[in-house]
$ cat protein_1.txt   # compact mmCIF, C-alpha atoms
# COMPACT_ATOMS: atom_id res chain seq x y z
CA MET A 1 145.48 214.07 -141.50
CA PRO A 2 145.35 216.86 -138.88
CA THR A 3 142.22 217.54 -136.89
CA GLN A 4 140.48 220.90 -137.14
CA ILE A 5 142.17 222.19 -134.00
CA GLU A 6 145.58 220.89 -135.04
CA ALA A 7 145.25 222.59 -138.43
CA ALA A 8 144.09 225.82 -136.79
CA ARG A 9 146.98 225.86 -134.33
CA ALA A 10 149.35 225.32 -137.25
CA GLY A 11 147.88 228.42 -138.90
CA LYS A 12 146.12 226.45 -141.63
CA ILE A 13 142.61 227.03 -142.93
CA THR A 14 140.61 223.92 -143.80
CA PRO A 15 137.68 223.62 -146.24
CA GLU A 16 135.45 223.08 -143.19
CA MET A 17 136.62 226.38 -141.68
CA GLU A 18 135.87 228.11 -144.98
CA PHE A 19 132.38 226.59 -145.03
CA VAL A 20 131.71 227.73 -141.46
CA ALA A 21 133.06 231.21 -142.16
CA GLU A 22 130.70 231.64 -145.09
CA SER A 23 127.64 230.35 -143.24
CA GLU A 24 128.41 232.43 -140.15
CA ARG A 25 129.46 235.53 -142.11
CA LEU A 26 132.82 235.55 -140.34
CA SER A 27 136.30 235.84 -141.76
CA VAL A 28 138.11 232.55 -142.21
CA GLU A 29 140.89 233.94 -140.03
CA CYS A 30 138.37 234.50 -137.21
CA VAL A 31 137.11 230.93 -137.49
CA ARG A 32 140.65 229.55 -137.56
CA ASP A 33 141.70 231.59 -134.54
CA GLU A 34 138.60 230.70 -132.51
CA VAL A 35 139.11 226.99 -133.24
CA ALA A 36 142.78 227.31 -132.31
CA ARG A 37 141.84 228.90 -128.99
CA GLY A 38 139.34 226.17 -128.24
CA ARG A 39 136.43 228.61 -128.20
CA MET A 40 134.85 227.15 -131.35
CA VAL A 41 134.39 223.56 -132.42
CA ILE A 42 133.54 222.16 -135.83
CA PRO A 43 131.99 218.74 -135.19
CA ALA A 44 132.95 217.01 -138.41
CA ASN A 45 133.90 213.35 -138.28
CA VAL A 46 136.05 212.55 -141.32
CA VAL A 47 133.76 209.62 -142.12
CA HIS A 48 130.62 211.77 -142.05
CA LEU A 49 132.30 214.44 -144.18
CA LYS A 50 132.63 211.90 -146.98
CA LYS A 51 128.87 211.30 -146.78
CA GLY A 52 127.82 214.90 -147.32
CA LEU A 53 128.02 216.47 -143.86
CA LYS A 54 127.67 220.26 -143.96
CA PRO A 55 130.04 221.52 -141.23
CA ILE A 56 128.87 223.99 -138.63
CA GLY A 57 130.70 226.03 -136.03
CA ILE A 58 129.68 226.08 -132.38
CA GLY A 59 131.14 228.78 -130.15
CA VAL A 60 130.80 232.31 -128.80
CA ALA A 61 131.56 233.91 -132.18
CA CYS A 62 128.81 231.93 -133.93
CA ARG A 63 125.06 232.22 -133.99
CA THR A 64 123.25 230.16 -131.37
CA LYS A 65 122.76 226.55 -132.41
CA ILE A 66 119.75 224.31 -131.84
CA ASN A 67 120.14 220.61 -131.10
CA ALA A 68 117.33 218.06 -131.41
CA ASN A 69 117.40 214.95 -129.23
CA LEU A 70 115.83 211.84 -130.73
CA GLY A 71 116.18 208.09 -130.69
CA ASP A 72 114.30 204.85 -130.18
CA SER A 73 113.39 203.21 -126.88
CA ALA A 74 112.81 199.72 -125.54
CA LEU A 75 109.10 200.32 -126.13
CA GLN A 76 109.36 201.53 -129.72
CA SER A 77 112.07 200.86 -132.29
CA ASP A 78 111.47 201.86 -135.89
CA VAL A 79 114.20 203.14 -138.19
CA VAL A 80 111.67 204.78 -140.52
CA CYS A 81 110.22 206.71 -137.59
CA GLU A 82 113.70 207.79 -136.46
CA LEU A 83 114.57 209.04 -139.94
CA GLU A 84 111.31 210.98 -140.05
CA LYS A 85 112.31 212.61 -136.76
CA VAL A 86 115.68 213.60 -138.25
CA PHE A 87 114.17 215.14 -141.37
CA CYS A 88 111.47 216.90 -139.35
CA ALA A 89 114.01 218.35 -136.91
CA ILE A 90 116.26 219.60 -139.70
CA SER A 91 113.36 221.08 -141.66
CA LEU A 92 112.34 223.03 -138.56
CA GLY A 93 115.82 224.45 -138.06
CA ALA A 94 117.81 221.99 -135.96
CA ASP A 95 121.54 222.51 -136.47
CA THR A 96 122.51 219.15 -134.97
CA VAL A 97 120.73 215.95 -133.97
CA MET A 98 121.62 213.66 -131.10
CA ASP A 99 120.78 209.97 -131.26
CA LEU A 100 119.90 208.92 -127.70
CA SER A 101 118.54 205.51 -128.66
CA THR A 102 118.18 203.06 -125.77
CA GLY A 103 116.30 200.22 -127.46
CA PRO A 104 117.28 197.41 -129.81
CA ASP A 105 119.02 197.95 -133.15
CA ILE A 106 120.99 200.94 -131.81
CA VAL A 107 123.92 200.44 -134.19
CA ALA A 108 121.82 199.97 -137.33
CA ILE A 109 119.55 202.92 -136.56
CA ARG A 110 122.53 205.17 -135.84
CA GLN A 111 124.12 204.25 -139.15
CA ARG A 112 120.96 205.11 -141.06
CA ILE A 113 120.74 208.44 -139.24
CA ILE A 114 124.36 209.34 -140.01
CA ASP A 115 124.03 208.31 -143.65
CA ALA A 116 120.91 210.46 -144.05
CA SER A 117 121.88 213.49 -141.99
CA PRO A 118 123.60 216.55 -143.51
CA VAL A 119 124.00 218.00 -139.99
CA PRO A 120 126.34 216.78 -137.22
CA VAL A 121 125.16 213.73 -135.28
CA GLY A 122 125.95 213.22 -131.61
CA THR A 123 125.64 210.31 -129.19
CA VAL A 124 126.08 209.27 -125.55
CA PRO A 125 128.16 206.08 -125.91
CA ILE A 126 127.43 204.74 -122.43
CA TYR A 127 123.76 204.35 -123.44
CA GLN A 128 124.79 201.68 -125.93
CA VAL A 129 127.05 200.01 -123.37
CA ALA A 130 124.18 199.93 -120.86
CA GLU A 131 121.85 198.46 -123.49
CA GLU A 132 124.29 195.67 -124.31
CA LEU A 133 124.93 194.66 -120.68
CA THR A 134 122.60 193.29 -118.03
CA ASP A 135 124.33 195.44 -115.40
CA ILE A 136 126.52 198.48 -116.05
CA ALA A 137 128.79 197.23 -113.27
CA ASP A 138 129.89 194.52 -115.72
CA MET A 139 131.38 197.14 -118.04
CA THR A 140 135.12 197.07 -118.57
CA PRO A 141 137.05 200.15 -119.69
CA GLN A 142 137.93 198.36 -122.93
CA ARG A 143 134.25 197.60 -123.58
CA PHE A 144 133.50 201.32 -123.38
CA LEU A 145 136.44 202.23 -125.61
CA ASP A 146 135.32 199.65 -128.17
CA VAL A 147 131.84 201.21 -128.32
CA VAL A 148 133.32 204.70 -128.69
CA GLU A 149 135.53 203.50 -131.55
CA GLN A 150 132.61 201.71 -133.21
CA GLN A 151 130.53 204.88 -133.10
CA ALA A 152 133.40 207.04 -134.32
CA ALA A 153 133.99 204.65 -137.23
CA GLN A 154 130.30 204.97 -138.15
CA GLY A 155 130.70 208.74 -138.45
CA VAL A 156 129.44 210.18 -135.15
CA ASP A 157 130.56 213.83 -135.01
CA TYR A 158 130.38 214.54 -131.29
CA MET A 159 129.92 212.53 -128.10
CA THR A 160 128.92 213.18 -124.51
CA ILE A 161 131.38 211.30 -122.31
CA HIS A 162 131.09 211.57 -118.53
CA CYS A 163 134.78 211.97 -117.64
CA ALA A 164 134.45 214.67 -114.98
CA LEU A 165 132.41 212.83 -112.33
CA LEU A 166 135.13 211.43 -110.08
CA LYS A 167 134.99 208.93 -107.23
CA GLU A 168 135.62 211.67 -104.69
CA HIS A 169 132.58 213.58 -105.94
CA LEU A 170 130.10 210.82 -105.10
CA PRO A 171 129.57 211.80 -101.43
CA LEU A 172 128.86 215.36 -102.59
CA ALA A 173 126.42 214.16 -105.23
CA ALA A 174 124.62 212.02 -102.65
CA LYS A 175 123.83 215.17 -100.65
CA ARG A 176 122.18 216.94 -103.59
CA VAL A 177 118.42 217.33 -103.39
CA THR A 178 118.03 215.87 -106.88
CA GLY A 179 120.95 213.44 -106.75
CA ILE A 180 122.66 212.86 -110.11
CA VAL A 181 120.23 213.96 -112.81
CA SER A 182 122.36 212.81 -115.75
CA ARG A 183 121.57 209.23 -116.76
CA GLY A 184 125.11 208.74 -118.04
CA GLY A 185 126.54 210.22 -114.85
CA ALA A 186 124.35 207.94 -112.75
CA LEU A 187 125.54 204.89 -114.70
CA ILE A 188 129.18 205.84 -114.15
CA ALA A 189 128.48 206.51 -110.45
CA LYS A 190 126.97 203.04 -110.11
CA TRP A 191 130.07 201.52 -111.73
CA MET A 192 132.40 203.37 -109.34
CA VAL A 193 130.39 202.31 -106.29
CA ALA A 194 130.32 198.68 -107.45
CA HIS A 195 134.07 198.55 -108.06
CA ASN A 196 135.26 201.14 -105.53
CA GLU A 197 137.51 202.51 -108.28
CA GLN A 198 138.05 205.81 -110.05
CA ASN A 199 135.94 206.78 -113.07
CA PRO A 200 137.33 204.61 -115.93
CA LEU A 201 136.48 207.32 -118.48
CA TYR A 202 138.81 209.64 -116.55
CA THR A 203 141.62 207.14 -116.08
CA HIS A 204 141.43 206.18 -119.78
CA PHE A 205 141.03 209.73 -121.04
CA ASP A 206 144.18 209.55 -123.16
CA ASP A 207 142.86 206.41 -124.86
CA LEU A 208 139.60 208.23 -125.58
CA CYS A 209 141.51 211.14 -127.07
CA ASP A 210 143.44 208.80 -129.37
CA ILE A 211 140.13 207.56 -130.83
CA MET A 212 138.70 211.06 -131.11
CA ARG A 213 141.78 212.32 -132.89
CA GLU A 214 141.74 209.52 -135.46
CA TYR A 215 138.22 210.46 -136.61
CA ASP A 216 138.22 214.11 -135.48
CA VAL A 217 135.28 213.62 -133.13
CA THR A 218 134.30 216.52 -130.85

$ encode --input "protein_1.txt" --output "structure tokens"
Amino acid sequence: MPTQIEAARAGKITPEMEFVAESERLSVECVRDEVARGRMVIPANVVHLKKGLKPIGIGVACRTKINANLGDSALQSDVVCELEKVFCAISLGADTVMDLSTGPDIVAIRQRIIDASPVPVGTVPIYQVAEELTDIADMTPQRFLDVVEQQAAQGVDYMTIHCALLKEHLPLAAKRVTGIVSRGGALIAKWMVAHNEQNPLYTHFDDLCDIMREYDVT
């Protein structure tokens, strides 16, 4: 089954493109062409689509989208509370929700969120990896890939993956007044320092893309 961008580049219009065109009041040809150019994404995991996901378009041709960050912590973990956050965010106009859970029961809570959410759900996979390990330096590239695949198989529509922070950037980041402000970026930086190796998310980028393609994750 082709991904949205593969279909678009083949000149095909998918049901998801039609849905986005109607909601954005754009022609389906415009949506197809923008997706083909890489200027619009339709975060629509094939698993989530089967559970009632309503596709949206994100890009310069679309209306501005609002994302709501939510998730449990080590101090508070309650799936009912997380679902209430999802429904509240959507009722107030959130176009997507991002599960940034860092406490226990990450996998179970994420599944409940995906099953209940008609809007795209995003994650930061390295948060789960960090929760499962005592020290992020103990992460192996395969461990990270396994978590990404697990999340994709659950139905996650889009992921933040810190591929662009390279080993050679670390001295530059160290000179910044605020250092590395991204938690995920800081975790990857710690791994690179500990191993004196290149960013494993960069060196295994093709493997990441294989997983993303299988589920059509953005």

$ atom_distance --input "protein_1.txt" --atom1 "atom CA of A:Gln154" --atom2 "atom CA of A:Asp95"
19.7 Å

$ closest_residue --input "protein_1.txt" --among "A:Cys163, A:Val60, A:Ile211, A:Ile109" --to "A:Asn45" --atoms "all atoms listed in the file"
A:Ile211

$ residues_near_point --input "protein_1.txt" --point "(129.3, 198.0, -110.8)" --cutoff "9 Å" --atoms "only C-alpha atoms" --output "VMD selection string"
chain A and resid 135 to 139 187 to 196

$ atom_distance --input "protein_1.txt" --atom1 "atom CA of A:Thr178" --atom2 "atom CA of A:Ala74"
25.2 Å

$ residues_around --input "protein_1.txt" --residues "A:Gln142" --least-positions-apart "5" --cutoff "12 Å" --atoms "only C-alpha atoms" --output "list of chain:residue names"
A:Val129, A:Val147, A:Val148, A:Glu149, A:Pro200, A:Leu201, A:Thr203, A:His204, A:Phe205, A:Asp207, A:Leu208

$ atom_distance --input "protein_1.txt" --atom1 "atom CA of A:Phe19" --atom2 "atom CA of A:Ala7"
15.0 Å

$ closest_residue --input "protein_1.txt" --among "A:Glu197, A:Glu29, A:Glu214, A:Leu83" --to "A:Glu168" --atoms "only C-alpha atoms"
A:Glu197

$ closest_residue --input "protein_1.txt" --among "A:Ser73, A:Val119, A:Ala152, A:Asp105" --to "A:Ala89" --atoms "only C-alpha atoms"
A:Val119

$ closest_residue --input "protein_1.txt" --among "A:Lys65, A:Gly155, A:Met98, A:His169" --to "A:Lys50" --atoms "all atoms listed in the file"
A:Gly155

$ residues_around --input "protein_1.txt" --residues "A:Arg63" --least-positions-apart "2" --cutoff "12 Å" --atoms "only C-alpha atoms" --output "MDAnalysis selection string"
chainID A and resid 20:21 23:26 40 56:61 65:66 95

$ residues_near_point --input "protein_1.txt" --point "(120.2, 206.6, -126.7)" --cutoff "12 Å" --atoms "all atoms listed in the file" --output "NGL selection string"
:A and (69-74 or 77 or 82 or 97-107 or 109-110 or 122-132 or 159-160 or 183-184)

$ closest_residue --input "protein_1.txt" --among "A:Cys81, A:Val181, A:Ala174, A:Ala8" --to "A:Ile113" --atoms "only C-alpha atoms"
A:Cys81

$ closest_residue --input "protein_1.txt" --among "A:Arg176, A:Lys85, A:Thr218, A:Ala108" --to "A:Gly38" --atoms "only C-alpha atoms"
A:Thr218

$ residues_around --input "protein_1.txt" --residues "A:Lys51" --least-positions-apart "5" --cutoff "10 Å" --atoms "all atoms listed in the file" --output "PDB file with C-alpha atoms, keeping the file's coordinate frame"
ATOM      1  CA  VAL A  46     136.050 212.550-141.320  1.00  0.00           C
ATOM      2  CA  ILE A 114     124.360 209.340-140.010  1.00  0.00           C
ATOM      3  CA  ASP A 115     124.030 208.310-143.650  1.00  0.00           C
ATOM      4  CA  ALA A 116     120.910 210.460-144.050  1.00  0.00           C
ATOM      5  CA  SER A 117     121.880 213.490-141.990  1.00  0.00           C
ATOM      6  CA  PRO A 118     123.600 216.550-143.510  1.00  0.00           C
ATOM      7  CA  GLY A 155     130.700 208.740-138.450  1.00  0.00           C
TER       8      GLY A 155
END

$ build_atoms --input "protein_1.txt" --residues "stretch 95-118 of chain A" --atoms "N, CA, C and O atoms" --output "short mmCIF file (atom, residue, chain, number, x, y, z; two decimals), keeping the file's coordinate frame"
data_model
loop_
_atom_site.label_atom_id
_atom_site.label_comp_id
_atom_site.auth_asym_id
_atom_site.auth_seq_id
_atom_site.Cartn_x
_atom_site.Cartn_y
_atom_site.Cartn_z
N ASP A 95 120.18 222.45 -135.92
CA ASP A 95 121.54 222.51 -136.47
C ASP A 95 122.30 221.21 -136.27
O ASP A 95 123.24 220.90 -137.00
N THR A 96 121.92 220.46 -135.24
CA THR A 96 122.51 219.15 -134.97
C THR A 96 121.41 218.23 -134.47
O THR A 96 120.37 218.69 -133.99
N VAL A 97 121.65 216.92 -134.57
CA VAL A 97 120.73 215.95 -133.97
C VAL A 97 121.55 215.00 -133.10
O VAL A 97 122.69 214.69 -133.41
N MET A 98 120.94 214.57 -132.02
CA MET A 98 121.62 213.66 -131.10
C MET A 98 120.82 212.39 -130.98
O MET A 98 119.64 212.41 -130.60
N ASP A 99 121.43 211.27 -131.32
CA ASP A 99 120.78 209.97 -131.26
C ASP A 99 120.95 209.40 -129.85
O ASP A 99 122.03 208.95 -129.48
N LEU A 100 119.88 209.43 -129.08
CA LEU A 100 119.90 208.92 -127.70
C LEU A 100 119.17 207.59 -127.60
O LEU A 100 118.54 207.30 -126.57
N SER A 101 119.24 206.79 -128.63
CA SER A 101 118.54 205.51 -128.66
C SER A 101 118.94 204.62 -127.47
O SER A 101 120.11 204.56 -127.10
N THR A 102 117.93 203.97 -126.89
CA THR A 102 118.18 203.06 -125.77
C THR A 102 117.53 201.70 -126.00
O THR A 102 117.54 200.86 -125.10
N GLY A 103 116.95 201.50 -127.17
CA GLY A 103 116.30 200.22 -127.46
C GLY A 103 117.15 199.34 -128.35
O GLY A 103 118.35 199.56 -128.51
N PRO A 104 116.54 198.33 -128.92
CA PRO A 104 117.28 197.41 -129.81
C PRO A 104 117.68 198.10 -131.12
O PRO A 104 117.17 199.17 -131.44
N ASP A 105 118.58 197.47 -131.83
CA ASP A 105 119.02 197.95 -133.15
C ASP A 105 119.69 199.33 -133.10
O ASP A 105 119.61 200.12 -134.04
N ILE A 106 120.35 199.64 -131.97
CA ILE A 106 120.99 200.94 -131.81
C ILE A 106 121.99 201.21 -132.93
O ILE A 106 122.00 202.29 -133.52
N VAL A 107 122.83 200.23 -133.22
CA VAL A 107 123.92 200.44 -134.19
C VAL A 107 123.35 200.67 -135.59
O VAL A 107 123.78 201.59 -136.30
N ALA A 108 122.39 199.85 -135.98
CA ALA A 108 121.82 199.97 -137.33
C ALA A 108 121.07 201.29 -137.49
O ALA A 108 121.19 201.96 -138.53
N ILE A 109 120.30 201.66 -136.48
CA ILE A 109 119.55 202.92 -136.56
C ILE A 109 120.50 204.10 -136.63
O ILE A 109 120.30 205.02 -137.41
N ARG A 110 121.55 204.07 -135.82
CA ARG A 110 122.53 205.17 -135.84
C ARG A 110 123.17 205.31 -137.22
O ARG A 110 123.35 206.42 -137.73
N GLN A 111 123.50 204.19 -137.84
CA GLN A 111 124.12 204.25 -139.15
C GLN A 111 123.20 204.88 -140.18
O GLN A 111 123.63 205.71 -141.00
N ARG A 112 121.92 204.52 -140.13
CA ARG A 112 120.96 205.11 -141.06
C ARG A 112 120.82 206.61 -140.83
O ARG A 112 120.70 207.39 -141.78
N ILE A 113 120.84 207.02 -139.56
CA ILE A 113 120.74 208.44 -139.24
C ILE A 113 121.94 209.20 -139.77
O ILE A 113 121.81 210.26 -140.40
N ILE A 114 123.14 208.67 -139.54
CA ILE A 114 124.36 209.34 -140.01
C ILE A 114 124.36 209.43 -141.53
O ILE A 114 124.67 210.48 -142.11
N ASP A 115 124.01 208.33 -142.19
CA ASP A 115 124.03 208.31 -143.65
C ASP A 115 123.05 209.31 -144.25
O ASP A 115 123.27 209.83 -145.35
N ALA A 116 121.95 209.58 -143.52
CA ALA A 116 120.91 210.46 -144.05
C ALA A 116 121.05 211.91 -143.61
O ALA A 116 120.42 212.79 -144.21
N SER A 117 121.86 212.16 -142.60
CA SER A 117 121.88 213.49 -141.99
C SER A 117 122.97 214.39 -142.55
O SER A 117 124.16 214.06 -142.47
N PRO A 118 122.60 215.57 -143.06
CA PRO A 118 123.60 216.55 -143.51
C PRO A 118 124.12 217.40 -142.36
O PRO A 118 125.03 218.21 -142.56
#
